[in-house]
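A.B. asks: Below is the file upload.txt, which contains compact mmCIF, C-alpha atoms.
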# COMPACT_ATOMS: atom_id res chain seq x y z
CA MET L 1 4.72 -11.52 -26.87
CA LEU L 2 7.71 -10.48 -28.95
CA VAL L 3 7.27 -6.81 -28.09
CA GLU L 4 7.29 -7.53 -24.35
CA ARG L 5 10.48 -9.57 -24.66
CA TYR L 6 12.11 -6.81 -26.66
CA VAL L 7 11.21 -4.04 -24.19
CA PHE L 8 11.84 -5.92 -20.95
CA SER L 9 15.19 -7.27 -22.16
CA SER L 10 16.49 -3.84 -23.18
CA PRO L 11 19.02 -2.33 -20.76
CA LYS L 12 17.22 1.05 -20.62
CA ALA L 13 13.55 1.31 -21.52
CA SER L 14 13.67 5.09 -21.94
CA ALA L 15 16.23 4.75 -24.77
CA THR L 16 14.01 2.13 -26.41
CA PHE L 17 11.06 4.52 -26.06
CA ALA L 18 12.95 7.32 -27.86
CA MET L 19 13.98 4.98 -30.68
CA LEU L 20 10.46 3.58 -31.19
CA PHE L 21 8.85 7.03 -30.94
CA LYS L 22 11.05 8.50 -33.66
CA ASN L 23 10.40 5.58 -36.05
CA ILE L 24 6.60 5.34 -35.78
CA SER L 25 6.12 7.27 -39.02
CA PHE L 26 7.93 4.54 -40.96
CA ILE L 27 5.59 1.76 -39.78
CA THR L 28 2.42 1.00 -41.71
CA ARG L 29 0.65 -0.78 -38.82
CA PRO L 30 1.99 0.91 -35.69
CA ASP L 31 -0.21 -0.84 -33.08
CA MET L 32 2.69 -3.05 -31.95
CA ILE L 33 4.90 0.03 -31.67
CA TYR L 34 2.25 1.80 -29.59
CA TYR L 35 2.12 -1.21 -27.29
CA GLY L 36 5.91 -1.19 -27.03
CA LEU L 37 5.83 2.50 -26.07
CA ILE L 38 3.25 1.76 -23.37
CA LEU L 39 5.50 -0.99 -22.00
CA CYS L 40 8.42 1.43 -21.90
CA LEU L 41 6.30 3.97 -20.01
CA TYR L 42 5.26 1.34 -17.51
CA GLU L 43 8.75 -0.11 -17.09
CA ASP L 44 10.80 3.11 -16.80
CA PRO L 45 9.44 6.44 -15.47
CA GLU L 46 12.15 8.25 -17.45
CA SER L 47 10.27 7.31 -20.63
CA ALA L 48 7.60 9.83 -19.63
CA ALA L 49 10.29 12.53 -19.42
CA VAL L 50 11.51 11.56 -22.91
CA TRP L 51 7.97 11.79 -24.26
CA GLN L 52 7.49 15.16 -22.59
CA GLY L 53 10.61 16.45 -24.36
CA LEU L 54 9.33 15.24 -27.75
CA TYR L 55 5.72 16.27 -27.16
CA ARG L 56 5.65 19.80 -28.65
CA LYS L 57 7.03 18.74 -32.03
CA SER L 58 5.03 15.52 -32.36
CA LEU L 59 1.42 16.24 -31.43
CA PRO L 60 -0.12 13.85 -34.02
CA THR L 61 2.02 10.95 -32.81
CA SER L 62 1.23 11.75 -29.18
CA LEU L 63 -2.49 11.88 -30.02
CA ALA L 64 -2.30 8.46 -31.67
CA ILE L 65 -0.52 6.98 -28.61
CA LEU L 66 -3.10 8.44 -26.22
CA ASP L 67 -5.97 7.16 -28.33
CA TYR L 68 -4.43 3.69 -28.39
CA LEU L 69 -3.83 3.79 -24.64
CA TYR L 70 -7.39 4.93 -23.89
CA THR L 71 -9.08 2.29 -26.06
CA SER L 72 -6.69 -0.66 -25.62
CA THR L 73 -7.66 -3.69 -23.56
CA GLN L 74 -4.06 -4.82 -22.94
CA GLU L 75 -3.21 -5.44 -19.27
CA TYR L 76 -0.22 -3.10 -19.18
CA CYS L 77 -2.28 -0.30 -20.72
CA LYS L 78 -4.71 -0.60 -17.82
CA LYS L 79 -1.90 -0.78 -15.27
CA LEU L 80 -0.26 2.39 -16.60
CA PHE L 81 -3.18 4.51 -15.44
CA TYR L 82 -2.44 3.47 -11.84
CA GLU L 83 1.16 4.75 -12.00
CA GLU L 84 1.93 8.03 -10.25
CA HIS L 85 4.64 9.07 -12.74
CA PHE L 86 2.16 8.76 -15.63
CA HIS L 87 -0.34 10.92 -13.74
CA ARG L 88 2.36 13.57 -13.26
CA PHE L 89 3.24 13.34 -16.95
CA LEU L 90 -0.37 14.05 -17.93
CA SER L 91 -0.38 17.09 -15.64
CA GLU L 92 2.79 18.44 -17.25
CA VAL L 93 1.43 17.79 -20.75
CA ASP L 94 -1.77 19.61 -19.82
CA LYS L 95 0.31 22.66 -18.92
CA ILE L 96 2.10 22.43 -22.28
CA ASN L 97 -1.28 22.31 -24.01
CA GLU L 98 -2.32 25.51 -22.22
CA GLU L 99 0.85 27.24 -23.41
CA LEU L 100 0.25 26.06 -26.99
CA SER L 101 -3.38 27.20 -26.91
CA GLN L 102 -2.28 30.73 -25.93
CA ALA L 103 0.19 31.00 -28.82
CA LYS L 104 -0.70 33.11 -31.87
CA LYS L 105 -0.23 30.21 -34.27
CA LYS L 106 -1.88 27.15 -32.80
CA PRO L 107 -0.63 23.73 -33.94
CA GLU L 108 -2.89 21.55 -36.02
CA GLY L 109 -4.97 19.06 -34.04
CA LEU L 110 -4.45 20.88 -30.74
CA LYS L 111 -8.10 20.60 -29.69
CA SER L 112 -8.14 16.87 -30.29
CA ILE L 113 -5.05 16.20 -28.21
CA ILE L 114 -6.28 18.50 -25.43
CA ALA L 115 -9.47 16.43 -25.26
CA ALA L 116 -7.44 13.19 -25.30
CA VAL L 117 -5.22 14.41 -22.44
CA LYS L 118 -8.28 15.43 -20.41
CA ASP L 119 -9.87 12.00 -20.95
CA ALA L 120 -6.64 10.26 -19.94
CA GLN L 121 -6.37 12.44 -16.82
CA ALA L 122 -9.94 11.63 -15.82
CA LYS L 123 -9.33 7.90 -16.29
CA SER L 124 -6.04 8.06 -14.38
CA LYS L 125 -7.65 9.87 -11.44
CA LYS L 126 -10.49 7.34 -11.39
CA LYS L 127 -8.09 4.39 -11.44
CA GLN L 128 -5.90 5.86 -8.70
CA SER L 129 -8.86 6.65 -6.45
CA SER L 130 -10.21 3.12 -6.88
CA GLY L 131 -6.75 1.68 -6.18
CA LYS L 132 -6.47 3.69 -2.96
CA ALA L 133 -9.96 2.59 -1.93
CA ASN L 134 -9.03 -1.06 -2.54
CA SER L 135 -5.82 -0.71 -0.54
CA LYS L 136 -7.71 0.92 2.31
CA SER L 137 -10.34 -1.83 2.29
CA SER L 138 -7.67 -4.57 2.27
CA SER L 139 -5.80 -2.89 5.12
CA SER L 140 -9.05 -2.54 7.07
CA VAL L 141 -9.85 -6.24 6.51
CA THR L 142 -6.35 -7.16 7.72
CA SER L 143 -6.71 -5.00 10.82
CA VAL L 144 -10.12 -6.54 11.57
CA LEU L 145 -8.71 -10.07 11.23
CA CYS L 146 -5.76 -9.23 13.47
CA SER L 147 -8.08 -7.71 16.05
CA LEU L 148 -10.34 -10.77 15.87
CA LEU L 149 -7.42 -13.17 16.37
CA LEU L 150 -6.05 -11.11 19.26
CA THR L 151 -9.47 -10.97 20.88
CA THR L 152 -9.88 -14.74 20.45
CA PHE L 153 -6.51 -15.48 22.09
CA LEU L 154 -7.27 -13.08 24.93
CA LEU L 155 -10.70 -14.65 25.42
CA PHE L 156 -9.26 -18.16 25.59
CA GLY L 157 -6.49 -17.00 27.90
CA ILE L 158 -8.86 -15.22 30.29
CA THR L 159 -11.28 -18.18 30.25
CA GLY L 160 -8.48 -20.63 31.00
CA ALA L 161 -7.19 -18.43 33.82
CA LEU L 162 -10.64 -18.16 35.39
CA VAL L 163 -11.26 -21.91 35.15
CA GLY L 164 -7.83 -22.61 36.61
CA TYR L 165 -8.44 -20.22 39.51
CA ASP L 166 -11.86 -21.77 40.11
CA THR L 167 -10.29 -25.26 40.19
CA TYR L 168 -7.54 -24.00 42.52
CA ARG L 169 -10.15 -22.64 44.96
CA ALA L 170 -11.87 -26.03 44.95
CA GLY L 171 -8.69 -27.77 46.14
CA GLY L 172 -7.49 -28.71 42.66
CA LYS L 173 -10.56 -30.80 41.82
CA PHE L 174 -12.34 -29.64 38.69
CA GLU L 175 -15.55 -31.53 39.50
CA ALA L 176 -15.89 -29.70 42.85
CA SER L 177 -15.34 -26.27 41.32
CA LEU L 178 -18.15 -23.90 40.38
CA THR L 179 -17.47 -24.51 36.67
CA GLY L 180 -17.55 -28.28 37.19
CA GLN L 181 -20.79 -28.11 39.18
CA THR L 182 -22.41 -26.01 36.44
CA LEU L 183 -21.34 -28.47 33.73
CA LYS L 184 -22.51 -31.39 35.89
CA GLN L 185 -25.95 -29.89 36.27
CA ALA L 186 -26.10 -29.36 32.51
CA GLY L 187 -25.00 -32.95 31.87
CA LEU L 188 -21.86 -31.90 30.01
CA LEU L 189 -19.26 -32.78 32.62
CA PRO L 190 -18.42 -36.31 31.29
CA ALA L 191 -17.99 -35.03 27.72
CA VAL L 192 -15.77 -32.14 28.88
CA GLN L 193 -13.68 -34.48 31.03
CA ASP L 194 -13.26 -36.93 28.13
CA ALA L 195 -12.25 -34.11 25.78
CA TRP L 196 -9.80 -32.74 28.34
CA THR L 197 -8.30 -36.19 28.97
CA CYS L 198 -7.94 -36.82 25.22
CA SER L 199 -6.28 -33.47 24.59
CA MET L 200 -3.92 -33.91 27.54
CA LYS L 201 -3.08 -37.46 26.41
CA TYR L 202 -2.00 -36.42 22.92
CA SER L 203 -0.29 -33.29 24.23
CA ALA L 204 1.75 -35.42 26.66
CA ARG L 205 2.71 -37.84 23.87
CA GLY L 206 3.75 -34.90 21.69
CA TYR L 207 5.84 -33.49 24.53
CA LYS L 208 7.50 -36.88 25.07
CA TRP L 209 8.26 -37.15 21.35
CA ALA L 210 9.72 -33.64 21.28
CA GLU L 211 11.77 -34.34 24.39
CA ALA L 212 13.25 -37.43 22.76
CA ASN L 213 13.69 -36.24 19.17
CA VAL L 214 14.31 -32.49 19.26
CA PRO L 215 17.84 -32.86 20.71
CA VAL L 216 18.69 -35.35 17.94
CA TYR L 217 17.47 -32.99 15.20
CA TYR L 218 19.17 -30.09 16.93
CA GLN L 219 22.50 -31.91 16.98
CA ALA L 220 22.14 -32.89 13.31
CA THR L 221 21.27 -29.32 12.35
CA SER L 222 24.14 -27.93 14.42
CA LYS L 223 26.53 -30.38 12.79
CA ALA L 224 25.34 -29.43 9.30
CA LEU L 225 25.37 -25.68 9.91
CA GLY L 226 28.46 -25.66 12.12
CA PRO L 227 30.99 -24.81 9.35
CA TYR L 228 28.80 -21.99 8.05
CA VAL L 229 28.35 -20.56 11.55
CA GLU L 230 32.10 -20.71 12.16
CA PHE L 231 32.74 -19.03 8.83
CA SER L 232 30.26 -16.29 9.70
CA ILE L 233 31.95 -15.76 13.08
CA ASP L 234 35.41 -15.60 11.51
CA PHE L 235 34.18 -13.27 8.79
CA SER L 236 32.58 -10.98 11.35
CA LYS L 237 35.84 -10.93 13.31
CA VAL L 238 37.72 -9.93 10.16
CA LEU L 239 35.21 -7.15 9.52
CA TRP L 240 35.45 -5.98 13.12
CA ASN L 241 39.25 -5.91 13.00
CA GLY L 242 39.13 -4.02 9.70
CA ALA L 243 36.71 -1.53 11.20
CA LYS L 244 38.97 -1.02 14.23
CA LYS L 245 42.00 -0.50 12.00
CA GLY L 246 40.06 1.95 9.87
CA PHE L 247 38.91 3.84 12.94
CA ALA L 248 42.46 3.99 14.28
CA SER L 249 43.78 5.24 10.93
CA ALA L 250 41.02 7.84 10.77
CA LYS L 251 41.84 8.91 14.33
CA VAL L 252 45.55 9.34 13.47
CA LEU L 253 44.69 11.22 10.29
CA ALA L 254 42.28 13.47 12.18
CA ALA L 255 44.94 14.18 14.82
CA GLN L 256 47.43 15.12 12.10
CA LYS L 257 44.96 17.34 10.30
CA MET L 258 43.85 18.93 13.56
CA SER L 259 47.45 19.79 14.47
CA GLN L 260 47.97 21.33 11.03
CA ALA L 261 44.71 23.23 11.34
CA ALA L 262 45.69 24.42 14.81
CA VAL L 263 49.03 25.74 13.47
CA TYR L 264 47.22 27.46 10.60
CA VAL L 265 44.63 29.05 12.90
CA ASP L 266 47.34 30.07 15.39
CA GLN L 267 49.03 32.14 12.69
CA TYR L 268 45.97 34.35 12.29
CA ALA L 269 44.47 34.07 15.80
CA PRO L 270 47.25 33.44 18.34
CA GLY L 271 46.15 31.54 21.42
CA VAL L 272 42.76 30.47 20.07
CA PRO L 273 43.62 26.74 19.60
CA LYS L 274 45.03 26.59 23.15
CA LYS L 275 41.89 28.21 24.54
CA ILE L 276 39.70 25.75 22.63
CA GLY L 277 41.76 22.81 23.94
CA ASP L 278 41.60 24.07 27.52
CA ALA L 279 37.84 24.61 27.25
CA SER L 280 37.38 21.08 25.85
CA CYS L 281 39.42 19.55 28.68
CA ALA L 282 37.48 21.55 31.27
CA LEU L 283 34.19 20.44 29.73
CA CYS L 284 35.31 16.79 29.73
CA ASP L 285 36.38 17.04 33.38
CA THR L 286 33.05 18.62 34.31
CA VAL L 287 31.06 15.87 32.54
CA CYS L 288 33.14 13.11 34.19
CA THR L 289 32.75 14.69 37.63
CA PHE L 290 29.01 15.08 37.14
CA ALA L 291 28.63 11.46 36.01
CA THR L 292 30.66 10.18 38.97
CA ASN L 293 28.67 12.21 41.49
CA ALA L 294 25.38 11.15 39.89
CA TYR L 295 26.40 7.49 40.13
CA LYS L 296 27.39 7.86 43.79
CA HIS L 297 24.16 9.63 44.73
CA THR L 298 22.06 7.08 42.84
CA TYR L 299 23.87 4.18 44.50
CA GLU L 300 23.38 5.69 47.98
CA PHE L 301 19.72 6.43 47.25
CA PHE L 302 18.92 2.86 46.24
CA LYS L 303 21.02 1.45 49.08
CA THR L 304 19.41 3.53 51.85
CA LYS L 305 15.93 4.30 50.49
CA VAL L 306 14.88 1.50 48.11
CA PHE L 307 16.57 -1.81 48.93
CA VAL L 308 15.51 -1.87 52.58
CA GLY L 309 12.83 -3.83 54.42
CA GLN L 310 11.07 -6.23 52.05
CA LEU L 311 13.37 -5.17 49.22
CA SER L 312 16.58 -5.73 51.16
CA ALA L 313 19.19 -8.13 49.86
CA GLU L 314 18.26 -10.77 52.48
CA SER L 315 14.55 -10.62 51.61
CA LEU L 316 15.23 -10.76 47.86
CA GLY L 317 17.52 -13.75 48.41
CA LYS L 318 14.78 -15.57 50.35
CA VAL L 319 12.25 -14.80 47.61
CA PHE L 320 14.69 -16.10 44.98
CA ASN L 321 15.29 -19.31 46.92
CA SER L 322 11.58 -19.90 47.48
CA THR L 323 10.96 -19.24 43.76
CA GLN L 324 13.58 -21.81 42.84
CA GLN L 325 11.97 -24.37 45.15
CA ALA L 326 8.50 -23.66 43.75
CA ALA L 327 9.83 -23.97 40.19
CA ALA L 328 11.50 -27.29 41.00
CA GLN L 329 8.30 -28.60 42.59
CA TYR L 330 6.24 -27.47 39.60
CA TYR L 331 8.68 -29.08 37.17
CA SER L 332 8.49 -32.37 39.09
CA TRP L 333 4.68 -32.20 39.16
CA PHE L 334 4.59 -31.36 35.44
CA ASN L 335 6.76 -34.37 34.55
CA ASP L 336 4.55 -36.61 36.67
CA GLN L 337 1.46 -35.37 34.86
CA VAL L 338 3.10 -35.86 31.47
CA ASP L 339 4.10 -39.42 32.33
CA PHE L 340 0.60 -40.16 33.60
CA TYR L 341 -1.24 -38.84 30.55
CA ALA L 342 1.26 -40.31 28.08
CA LYS L 343 0.54 -43.81 29.38
CA LEU L 344 -3.23 -43.47 28.91
CA LYS L 345 -4.79 -45.40 26.04
Spell out the structure here as structure tokens.

C.D. replies:
Amino acid sequence: MLVERYVFSSPKASATFAMLFKNISFITRPDMIYYGLILCLYEDPESAAVWQGLYRKSLPTSLAILDYLYTSTQEYCKKLFYEEHFHRFLSEVDKINEELSQAKKKPEGLKSIIAAVKDAQAKSKKKQSSGKANSKSSSSVTSVLCSLLLTTFLLFGITGALVGYDTYRAGGKFEASLTGQTLKQAGLLPAVQDAWTCSMKYSARGYKWAEANVPVYYQATSKALGPYVEFSIDFSKVLWNGAKKGFASAKVLAAQKMSQAAVYVDQYAPGVPKKIGDASCALCDTVCTFATNAYKHTYEFFKTKVFVGQLSAESLGKVFNSTQQAAAQYYSWFNDQVDFYAKLK
């Protein structure tokens, strides 16, 4: 709509609100102006502060805006009731109404606008409570879905681990394992073996494809993004050098100011700067000595109490070497299995 374009394109919606509010009396059919004011209230929270400042001297206009807002079916009119700043504005206006009702000379139409504010407050509270309930329900649904997915992955992982351990106990033969015997008795073993072979076949082909094509795509991507990466590295070096220069300049400036401050303080409290400097040096020496002693004691503790026996350097080296050998054997076995399943038809 034209009104929406006018409000949303304005640099400051609160200024537009003040201009429209002051010119309502000159419009014969002010519904479009009311809608524009609602858009300003929704777009800029400061518009509510502007309305609050004009409220006391324009009760009839405020009543007309509230009536339009309460009865309108426009989407932004409904959304405004969900906004926290509008709820606060209604609370402040309600306080103003109480002050006006206690005055000796009550403004005309005060009862009507008090009722309109109360209705708007009730609708705003209802909308906000329903919005919070919806957000809580959506967050609860999300948490339930996340829990369900996590439980599913854990279940599959635990099941796979148990089946693998059962097969390992049976000498690596699935048919001889307890799981295989159970499936064989149920008549499901051939179907499970066919499904497993099919899944392994396509997984091996996918691995072979990735092994052959991923390096090519990686090289092409690296070649395309190389200049941008180099520019980012150079730019970060420039920033780092600028930061170091700034820190050095700040350090020199601080030293100059500190010397001036020390001279100034020494005029009124002779010897105090020297005492502060000596205390700082003594504290620094104490901290350095403590850190050095702590490092020495920690090193001796781990050397004589922890890394001995099975955790000695020789034992850890043997474990590392045996782990390397086991990893190499597993990698060779894995490649053999991939080649075998990839050739299946």

A.B. asks: Quick one, how far is CA of Leu80 in chain L from CA of Thr142 in chain L?

C.D. replies: 26.8 Å

A.B. asks: Quick one: residues within 12 Å of Asn335 in chain L, all atoms listed in the file counted, chain neighbours fewer than 5 positions away excluded, as a ChimeraX atom specification?

C.D. replies: /L:204-205,207-208,211,328-330,340-342

A.B. asks: Taking every listed atom of range 147-165 of chain L and adding 4 Å to each side, what centre and edge lengths in Å (one decimal) does the axis-aligned box have, as JSON?

C.D. replies:
{"center_x": -8.7, "center_y": -15.2, "center_z": 27.7, "size_x": 13.2, "size_y": 22.9, "size_z": 31.6}

A.B. asks: Just how far from CA of Gln128 in chain L is CA of Lys79 in chain L, in Å to one decimal?

C.D. replies: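 Straight-line distance from CA of Lys79 in chain L to CA of Gln128 in chain L works out to 10.2 Å.
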
A.B. asks: Quick one: residues within 9 Å of (-4.1, 14.2, -25.9) (file frame), counting all atoms listed in the file, please, as number ranges by chain.

C.D. replies: L: 59, 62-67, 90, 93-94, 97, 110-120

A.B. asks: Neighbours of range 25-40 of chain L within 7 Å (all atoms listed in the file; same-chain residues fewer than 2 positions away dropped), as a list in words?

C.D. replies: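 My reading of the contact set: Val3, Val7, Ala13, Ser14, Phe17, Leu20, Asn23, Tyr42, Glu43, Asp44, Ser47, Ile65, Tyr76 and Cys77 of chain L.
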
A.B. asks: What would range 90-109 of chain L look like with N, CA, C and O atoms restored, written as a PDB file, in the frame of the given file?

C.D. replies:
ATOM      1  N   LEU L  90       0.848  13.459 -17.345  1.00  0.00           N
ATOM      2  CA  LEU L  90      -0.370  14.050 -17.930  1.00  0.00           C
ATOM      3  C   LEU L  90      -0.576  15.477 -17.429  1.00  0.00           C
ATOM      4  O   LEU L  90      -1.023  16.347 -18.190  1.00  0.00           O
ATOM      5  N   SER L  91      -0.247  15.723 -16.163  1.00  0.00           N
ATOM      6  CA  SER L  91      -0.380  17.090 -15.640  1.00  0.00           C
ATOM      7  C   SER L  91       0.579  18.039 -16.336  1.00  0.00           C
ATOM      8  O   SER L  91       0.204  19.163 -16.707  1.00  0.00           O
ATOM      9  N   GLU L  92       1.816  17.601 -16.565  1.00  0.00           N
ATOM     10  CA  GLU L  92       2.790  18.440 -17.250  1.00  0.00           C
ATOM     11  C   GLU L  92       2.385  18.682 -18.702  1.00  0.00           C
ATOM     12  O   GLU L  92       2.522  19.788 -19.240  1.00  0.00           O
ATOM     13  N   VAL L  93       1.869  17.656 -19.357  1.00  0.00           N
ATOM     14  CA  VAL L  93       1.430  17.790 -20.750  1.00  0.00           C
ATOM     15  C   VAL L  93       0.232  18.739 -20.844  1.00  0.00           C
ATOM     16  O   VAL L  93       0.098  19.512 -21.808  1.00  0.00           O
ATOM     17  N   ASP L  94      -0.630  18.696 -19.841  1.00  0.00           N
ATOM     18  CA  ASP L  94      -1.770  19.610 -19.820  1.00  0.00           C
ATOM     19  C   ASP L  94      -1.306  21.058 -19.737  1.00  0.00           C
ATOM     20  O   ASP L  94      -1.887  21.956 -20.374  1.00  0.00           O
ATOM     21  N   LYS L  95      -0.247  21.308 -18.982  1.00  0.00           N
ATOM     22  CA  LYS L  95       0.310  22.660 -18.920  1.00  0.00           C
ATOM     23  C   LYS L  95       0.885  23.074 -20.272  1.00  0.00           C
ATOM     24  O   LYS L  95       0.740  24.231 -20.713  1.00  0.00           O
ATOM     25  N   ILE L  96       1.550  22.135 -20.940  1.00  0.00           N
ATOM     26  CA  ILE L  96       2.100  22.430 -22.280  1.00  0.00           C
ATOM     27  C   ILE L  96       0.964  22.759 -23.245  1.00  0.00           C
ATOM     28  O   ILE L  96       1.081  23.676 -24.080  1.00  0.00           O
ATOM     29  N   ASN L  97      -0.137  22.027 -23.140  1.00  0.00           N
ATOM     30  CA  ASN L  97      -1.280  22.310 -24.010  1.00  0.00           C
ATOM     31  C   ASN L  97      -1.836  23.709 -23.769  1.00  0.00           C
ATOM     32  O   ASN L  97      -2.254  24.408 -24.724  1.00  0.00           O
ATOM     33  N   GLU L  98      -1.865  24.144 -22.516  1.00  0.00           N
ATOM     34  CA  GLU L  98      -2.320  25.510 -22.220  1.00  0.00           C
ATOM     35  C   GLU L  98      -1.408  26.541 -22.844  1.00  0.00           C
ATOM     36  O   GLU L  98      -1.871  27.554 -23.390  1.00  0.00           O
ATOM     37  N   GLU L  99      -0.088  26.302 -22.784  1.00  0.00           N
ATOM     38  CA  GLU L  99       0.850  27.240 -23.410  1.00  0.00           C
ATOM     39  C   GLU L  99       0.657  27.276 -24.933  1.00  0.00           C
ATOM     40  O   GLU L  99       0.690  28.353 -25.545  1.00  0.00           O
ATOM     41  N   LEU L 100       0.439  26.100 -25.532  1.00  0.00           N
ATOM     42  CA  LEU L 100       0.250  26.060 -26.990  1.00  0.00           C
ATOM     43  C   LEU L 100      -1.060  26.718 -27.400  1.00  0.00           C
ATOM     44  O   LEU L 100      -1.142  27.336 -28.475  1.00  0.00           O
ATOM     45  N   SER L 101      -2.081  26.595 -26.577  1.00  0.00           N
ATOM     46  CA  SER L 101      -3.380  27.200 -26.910  1.00  0.00           C
ATOM     47  C   SER L 101      -3.338  28.721 -26.818  1.00  0.00           C
ATOM     48  O   SER L 101      -4.159  29.409 -27.442  1.00  0.00           O
ATOM     49  N   GLN L 102      -2.399  29.281 -26.057  1.00  0.00           N
ATOM     50  CA  GLN L 102      -2.280  30.730 -25.930  1.00  0.00           C
ATOM     51  C   GLN L 102      -1.357  31.339 -26.990  1.00  0.00           C
ATOM     52  O   GLN L 102      -1.228  32.563 -27.064  1.00  0.00           O
ATOM     53  N   ALA L 103      -0.704  30.485 -27.771  1.00  0.00           N
ATOM     54  CA  ALA L 103       0.190  31.000 -28.820  1.00  0.00           C
ATOM     55  C   ALA L 103      -0.635  31.587 -29.976  1.00  0.00           C
ATOM     56  O   ALA L 103      -1.817  31.258 -30.174  1.00  0.00           O
ATOM     57  N   LYS L 104      -0.014  32.482 -30.735  1.00  0.00           N
ATOM     58  CA  LYS L 104      -0.700  33.110 -31.870  1.00  0.00           C
ATOM     59  C   LYS L 104      -1.011  32.080 -32.947  1.00  0.00           C
ATOM     60  O   LYS L 104      -2.101  32.061 -33.515  1.00  0.00           O
ATOM     61  N   LYS L 105      -0.033  31.232 -33.244  1.00  0.00           N
ATOM     62  CA  LYS L 105      -0.230  30.210 -34.270  1.00  0.00           C
ATOM     63  C   LYS L 105      -0.377  28.859 -33.571  1.00  0.00           C
ATOM     64  O   LYS L 105       0.590  28.270 -33.101  1.00  0.00           O
ATOM     65  N   LYS L 106      -1.601  28.397 -33.524  1.00  0.00           N
ATOM     66  CA  LYS L 106      -1.880  27.150 -32.800  1.00  0.00           C
ATOM     67  C   LYS L 106      -1.557  25.954 -33.701  1.00  0.00           C
ATOM     68  O   LYS L 106      -1.872  25.961 -34.895  1.00  0.00           O
ATOM     69  N   PRO L 107      -0.946  24.923 -33.149  1.00  0.00           N
ATOM     70  CA  PRO L 107      -0.630  23.730 -33.940  1.00  0.00           C
ATOM     71  C   PRO L 107      -1.894  23.030 -34.411  1.00  0.00           C
ATOM     72  O   PRO L 107      -2.957  23.142 -33.807  1.00  0.00           O
ATOM     73  N   GLU L 108      -1.759  22.290 -35.470  1.00  0.00           N
ATOM     74  CA  GLU L 108      -2.890  21.550 -36.020  1.00  0.00           C
ATOM     75  C   GLU L 108      -3.229  20.363 -35.118  1.00  0.00           C
ATOM     76  O   GLU L 108      -2.347  19.643 -34.646  1.00  0.00           O
ATOM     77  N   GLY L 109      -4.511  20.176 -34.888  1.00  0.00           N
ATOM     78  CA  GLY L 109      -4.970  19.060 -34.040  1.00  0.00           C
ATOM     79  C   GLY L 109      -4.822  19.306 -32.563  1.00  0.00           C
ATOM     80  O   GLY L 109      -4.877  18.355 -31.775  1.00  0.00           O
TER      81      GLY L 109
END
